[in-house]
Amino acid sequence: VDMGELLKRMEELRNQEETETRTANKNWLEGRCTHNTIAVLDDWVRKLKFHGDTVALGTYRGDVFLSGMERPDTVWAKLEGHTDEVTALDFDGAHLASGSLDASVRVWKGIPLTMSPEGYSEHGEDDSLVFHHRAEVTGVHLAGGQLVSSSVDGTCKIWNLAANMCEQIVEVGEPVTCCACSPETVPDGSSRYLAIGTASGAVTIYSMDTWKPVMSFAGH
């Protein structure tokens, strides 16, 4: 994918998001919205991520809970392992990743992605892969068998989930506030890219072939 096509696609997504936001605002102002209570917890919800009818909720105390839209007010799993606030979540239906102020990233395995016949369950440290940064984790992004994580330690790391190891470290030189990347599998002849947002307000696109920056935006 060349830069022209990438910019065109980014513009299309930006326009689509603006249209959806205007529609949602109009519906809200005209009172055409409905609401459901997804879960009632005894802790502050700091992050949430939907996948289908399932929602993952990260909390101030560091726990992650699973609930669903089909059975509101029903929490069917609690994931314990972080020792501080959950600051990042991603959920693709196969994996659930969480990042925390405790500088760790956890990828949860063997968890019920839907309500099981046994009902509520609790899962601890043995049910997750654990990766580490040197400071607060600010973003996690799942891409098939890879996980991308970012941190205020000034790095973005790419993890191999099957091998349980770090494949690449991108040294940014300032606190990283968010990250995202192309899918693990792309069409033949196409390239993969990594997007990194930083504390200075810049967004930089890196090639995942050379790990060099190819484009930067400074609009924030």
# chains A, B, ... in the order shown; residues from 1 in each chain; ligands from 1
$ residues_around --residues "Val55 in chain A" --least-positions-apart "2" --cutoff "7 Å" --atoms "only C-alpha atoms" --output "count of residues only"
9
$ closest_atom_pairs --of "range 139-207 of chain A" --to "range 72-89 of chain A" --cutoff "12 Å" --atoms "only C-alpha atoms" --output "JSON lines"
{"residue": "A:Gly139", "atom": "CA", "partner": "A:Ala88", "partner_atom": "CA", "distance": 5.0}
{"residue": "A:Val140", "atom": "CA", "partner": "A:Ala88", "partner_atom": "CA", "distance": 5.9}
{"residue": "A:His141", "atom": "CA", "partner": "A:Leu89", "partner_atom": "CA", "distance": 7.9}
{"residue": "A:Leu142", "atom": "CA", "partner": "A:Leu89", "partner_atom": "CA", "distance": 9.6}
{"residue": "A:Leu147", "atom": "CA", "partner": "A:Leu89", "partner_atom": "CA", "distance": 11.5}
{"residue": "A:Val148", "atom": "CA", "partner": "A:Ala88", "partner_atom": "CA", "distance": 11.5}
{"residue": "A:Ser149", "atom": "CA", "partner": "A:Ala88", "partner_atom": "CA", "distance": 9.1}
{"residue": "A:Ser150", "atom": "CA", "partner": "A:Ala88", "partner_atom": "CA", "distance": 9.5}
{"residue": "A:Ser151", "atom": "CA", "partner": "A:Thr87", "partner_atom": "CA", "distance": 10.3}
{"residue": "A:Val152", "atom": "CA", "partner": "A:Thr87", "partner_atom": "CA", "distance": 11.6}
{"residue": "A:Thr177", "atom": "CA", "partner": "A:Ala88", "partner_atom": "CA", "distance": 10.3}
{"residue": "A:Cys178", "atom": "CA", "partner": "A:Ala88", "partner_atom": "CA", "distance": 9.1}
{"residue": "A:Cys179", "atom": "CA", "partner": "A:Ala88", "partner_atom": "CA", "distance": 10.5}
$ write_last_selection --atoms "all heavy atoms" --output "short mmCIF file (atom, residue, chain, number, x, y, z; two decimals), in the first residue's frame"
data_model
loop_
_atom_site.label_atom_id
_atom_site.label_comp_id
_atom_site.auth_asym_id
_atom_site.auth_seq_id
_atom_site.Cartn_x
_atom_site.Cartn_y
_atom_site.Cartn_z
N GLY A 139 -1.24 1.82 26.03
CA GLY A 139 -2.02 1.27 24.93
C GLY A 139 -1.67 -0.18 24.67
O GLY A 139 -0.53 -0.61 24.86
N VAL A 140 -2.68 -0.96 24.24
CA VAL A 140 -2.47 -2.34 23.78
C VAL A 140 -3.31 -2.54 22.53
O VAL A 140 -4.43 -2.03 22.43
CB VAL A 140 -2.84 -3.39 24.85
CG1 VAL A 140 -1.85 -3.37 26.00
CG2 VAL A 140 -4.26 -3.19 25.36
N HIS A 141 -2.75 -3.25 21.56
CA HIS A 141 -3.46 -3.49 20.30
C HIS A 141 -3.14 -4.89 19.82
O HIS A 141 -1.98 -5.23 19.60
CB HIS A 141 -3.03 -2.46 19.25
CG HIS A 141 -3.71 -2.65 17.92
ND1 HIS A 141 -4.96 -2.15 17.66
CD2 HIS A 141 -3.31 -3.29 16.80
CE1 HIS A 141 -5.31 -2.47 16.42
NE2 HIS A 141 -4.32 -3.17 15.87
N LEU A 142 -4.18 -5.73 19.66
CA LEU A 142 -4.03 -7.10 19.20
C LEU A 142 -4.07 -7.15 17.68
O LEU A 142 -4.90 -6.50 17.04
CB LEU A 142 -5.15 -7.97 19.77
CG LEU A 142 -5.07 -8.24 21.28
CD1 LEU A 142 -6.41 -8.70 21.81
CD2 LEU A 142 -3.98 -9.26 21.58
N LEU A 147 0.93 -8.74 19.56
CA LEU A 147 0.38 -7.69 20.42
C LEU A 147 1.33 -6.51 20.38
O LEU A 147 2.55 -6.67 20.52
CB LEU A 147 0.24 -8.19 21.86
CG LEU A 147 -0.12 -7.11 22.90
CD1 LEU A 147 -1.56 -6.70 22.75
CD2 LEU A 147 0.15 -7.62 24.32
N VAL A 148 0.78 -5.33 20.20
CA VAL A 148 1.56 -4.09 20.27
C VAL A 148 1.19 -3.39 21.57
O VAL A 148 0.01 -3.27 21.91
CB VAL A 148 1.27 -3.18 19.07
CG1 VAL A 148 2.07 -1.88 19.17
CG2 VAL A 148 1.60 -3.89 17.76
N SER A 149 2.20 -2.92 22.30
CA SER A 149 1.93 -2.17 23.53
C SER A 149 2.77 -0.90 23.56
O SER A 149 3.86 -0.84 22.99
CB SER A 149 2.24 -3.03 24.77
OG SER A 149 3.61 -3.39 24.81
N SER A 150 2.24 0.13 24.22
CA SER A 150 2.95 1.40 24.33
C SER A 150 3.01 1.82 25.79
O SER A 150 2.21 1.39 26.62
CB SER A 150 2.26 2.48 23.49
OG SER A 150 0.91 2.67 23.91
N SER A 151 3.97 2.72 26.08
CA SER A 151 4.20 3.10 27.48
C SER A 151 4.78 4.50 27.57
O SER A 151 5.40 5.00 26.63
CB SER A 151 5.15 2.08 28.14
OG SER A 151 5.58 2.51 29.40
N VAL A 152 4.62 5.09 28.75
CA VAL A 152 5.26 6.38 29.00
C VAL A 152 6.77 6.22 29.16
O VAL A 152 7.49 7.22 29.30
CB VAL A 152 4.66 7.07 30.25
CG1 VAL A 152 3.21 7.40 30.05
CG2 VAL A 152 4.86 6.23 31.50
N THR A 177 1.58 7.61 24.06
CA THR A 177 0.25 7.64 24.66
C THR A 177 -0.73 6.66 24.04
O THR A 177 -1.76 6.35 24.64
CB THR A 177 -0.35 9.05 24.56
OG1 THR A 177 -0.35 9.45 23.18
CG2 THR A 177 0.47 10.05 25.36
N CYS A 178 -0.44 6.15 22.83
CA CYS A 178 -1.34 5.20 22.19
C CYS A 178 -0.63 4.52 21.03
O CYS A 178 0.41 5.02 20.55
CB CYS A 178 -2.63 5.86 21.71
SG CYS A 178 -2.38 7.21 20.54
N CYS A 179 -1.18 3.40 20.56
CA CYS A 179 -0.56 2.67 19.46
C CYS A 179 -1.61 1.84 18.74
O CYS A 179 -2.64 1.47 19.29
CB CYS A 179 0.55 1.76 19.98
SG CYS A 179 -0.03 0.49 21.16
#
$ select_by_dssp --residues "range 76-220 of chain A" --states "strand (DSSP E)" --output "VMD selection string"
chain A and resid 76 to 79 86 to 91 96 to 100 104 to 108 121 to 123 128 to 132 137 to 143 146 to 151 155 to 160 165 to 171 176 to 181 193 to 198 203 to 207 213 to 217
$ atom_distance --atom1 "CA of Ala180 in chain A" --atom2 "CA of Glu12 in chain A"
17.6 Å
$ residues_around --residues "Tyr206 in chain A" --least-positions-apart "6" --cutoff "12 Å" --atoms "only C-alpha atoms" --output "PyMOL selection string"
chain A and resi 3+156+170-172+179-182+191-197+212-217
$ write_last_selection --atoms "C-alpha atoms" --output "mmCIF file, in the first residue's frame"
data_model
loop_
_atom_site.group_PDB
_atom_site.id
_atom_site.type_symbol
_atom_site.label_atom_id
_atom_site.label_comp_id
_atom_site.auth_asym_id
_atom_site.auth_seq_id
_atom_site.Cartn_x
_atom_site.Cartn_y
_atom_site.Cartn_z
ATOM 1 C CA MET A 3 1.308 6.517 1.006
ATOM 2 C CA CYS A 156 6.372 0.706 21.692
ATOM 3 C CA VAL A 170 10.607 0.944 18.846
ATOM 4 C CA GLU A 171 12.431 3.644 20.807
ATOM 5 C CA VAL A 172 10.422 6.850 20.403
ATOM 6 C CA CYS A 179 -0.559 2.667 19.464
ATOM 7 C CA ALA A 180 -2.174 0.654 16.663
ATOM 8 C CA CYS A 181 -0.951 -1.408 13.739
ATOM 9 C CA SER A 182 -2.032 -3.117 10.529
ATOM 10 C CA SER A 191 3.089 -3.382 3.725
ATOM 11 C CA ARG A 192 2.258 -3.221 7.401
ATOM 12 C CA TYR A 193 2.383 -0.008 9.407
ATOM 13 C CA LEU A 194 2.565 0.953 13.074
ATOM 14 C CA ALA A 195 0.940 4.182 14.312
ATOM 15 C CA ILE A 196 2.286 5.774 17.486
ATOM 16 C CA GLY A 197 0.849 8.788 19.318
ATOM 17 C CA LYS A 212 11.660 3.506 10.348
ATOM 18 C CA PRO A 213 9.190 6.445 10.430
ATOM 19 C CA VAL A 214 7.592 7.115 7.050
ATOM 20 C CA MET A 215 5.116 9.865 7.963
ATOM 21 C CA SER A 216 4.298 12.174 10.858
ATOM 22 C CA PHE A 217 1.309 14.328 11.785
#
$ closest_residue --among "A:Phe65, A:Leu7, A:Thr138, A:Gly154" --to "Tyr120 in chain A" --atoms "only C-alpha atoms"
A:Phe65
$ closest_residue --among "A:Trp211, A:Trp159, A:Phe131, A:Trp28" --to "Asp102 in chain A" --atoms "only C-alpha atoms"
A:Phe131
$ residues_around --residues "Asn164 in chain A" --least-positions-apart "5" --cutoff "12 Å" --atoms "only C-alpha atoms" --output "list in words"
Val105, Arg106, Val107, Ser128, Leu129, Val130, Phe131, His132, Gly145, Gln146, Leu147, Ile158 and Trp159 of chain A
$ write_last_selection --atoms "N, CA and C atoms" --output "mmCIF file, in the first residue's frame"
data_model
loop_
_atom_site.group_PDB
_atom_site.id
_atom_site.type_symbol
_atom_site.label_atom_id
_atom_site.label_comp_id
_atom_site.auth_asym_id
_atom_site.auth_seq_id
_atom_site.Cartn_x
_atom_site.Cartn_y
_atom_site.Cartn_z
ATOM 1 N N VAL A 105 1.683 -5.787 30.970
ATOM 2 C CA VAL A 105 0.660 -6.129 29.986
ATOM 3 C C VAL A 105 0.287 -7.584 30.218
ATOM 4 N N ARG A 106 -0.995 -7.866 30.266
ATOM 5 C CA ARG A 106 -1.447 -9.248 30.435
ATOM 6 C C ARG A 106 -2.321 -9.651 29.249
ATOM 7 N N VAL A 107 -2.060 -10.846 28.726
ATOM 8 C CA VAL A 107 -2.893 -11.427 27.683
ATOM 9 C C VAL A 107 -3.564 -12.648 28.296
ATOM 10 N N SER A 128 -2.804 -15.940 32.474
ATOM 11 C CA SER A 128 -2.397 -14.869 31.569
ATOM 12 C C SER A 128 -0.911 -14.938 31.254
ATOM 13 N N LEU A 129 -0.569 -14.499 30.029
ATOM 14 C CA LEU A 129 0.813 -14.202 29.691
ATOM 15 C C LEU A 129 1.118 -12.808 30.223
ATOM 16 N N VAL A 130 2.339 -12.583 30.691
ATOM 17 C CA VAL A 130 2.690 -11.292 31.265
ATOM 18 C C VAL A 130 3.901 -10.717 30.532
ATOM 19 N N PHE A 131 3.764 -9.472 30.081
ATOM 20 C CA PHE A 131 4.854 -8.740 29.452
ATOM 21 C C PHE A 131 5.086 -7.458 30.244
ATOM 22 N N HIS A 132 6.276 -6.858 30.090
ATOM 23 C CA HIS A 132 6.615 -5.729 30.951
ATOM 24 C C HIS A 132 7.184 -4.534 30.178
ATOM 25 N N GLY A 145 -1.593 -12.997 15.914
ATOM 26 C CA GLY A 145 -0.654 -13.598 16.847
ATOM 27 C C GLY A 145 0.326 -12.626 17.443
ATOM 28 N N GLN A 146 0.118 -11.336 17.201
ATOM 29 C CA GLN A 146 0.992 -10.307 17.755
ATOM 30 C C GLN A 146 0.202 -9.360 18.653
ATOM 31 N N LEU A 147 0.935 -8.739 19.562
ATOM 32 C CA LEU A 147 0.385 -7.691 20.421
ATOM 33 C C LEU A 147 1.330 -6.506 20.380
ATOM 34 N N ILE A 158 6.506 -4.862 20.270
ATOM 35 C CA ILE A 158 5.733 -5.832 19.513
ATOM 36 C C ILE A 158 6.044 -7.206 20.083
ATOM 37 N N TRP A 159 4.999 -7.901 20.542
ATOM 38 C CA TRP A 159 5.143 -9.179 21.225
ATOM 39 C C TRP A 159 4.616 -10.314 20.356
#
$ residues_around --residues "Ala218 in chain A" --least-positions-apart "4" --cutoff "8 Å" --atoms "only C-alpha atoms" --output "PDB file with C-alpha atoms, in the first residue's frame"
ATOM      1  CA  GLY A 201       0.665  15.561  20.285  1.00  0.00           C
ATOM      2  CA  ALA A 202       2.329  13.998  17.247  1.00  0.00           C
ATOM      3  CA  VAL A 203       1.261  10.821  15.446  1.00  0.00           C
TER       4      VAL A 203
END
$ atom_distance --atom1 "CA of Thr54 in chain A" --atom2 "CA of Pro187 in chain A"
29.4 Å
$ select_by_dssp --residues "chain A" --states "alpha helix (DSSP H)" --output "list in words"
Met3, Gly4, Glu5, Leu6, Leu7, Lys8, Arg9, Met10, Glu11, Glu12, Leu13, Arg14, Asn15, Gln16, Glu17, Glu18, Thr19, Glu20, Thr21, Arg22, Thr23, Ala24, Asn25, Lys26, Asn27, Trp28 and Leu29 of chain A
$ closest_residue --among "A:Gln168, A:Asp188, A:Ser100, A:His123" --to "Ala135 in chain A" --atoms "only C-alpha atoms"
A:Ser100
$ atom_distance --atom1 "CA of Ala97 in chain A" --atom2 "CA of Glu167 in chain A"
17.1 Å
$ closest_residue --among "A:Leu101, A:Asp43, A:Ala163, A:Thr155" --to "Val137 in chain A" --atoms "only C-alpha atoms"
A:Leu101
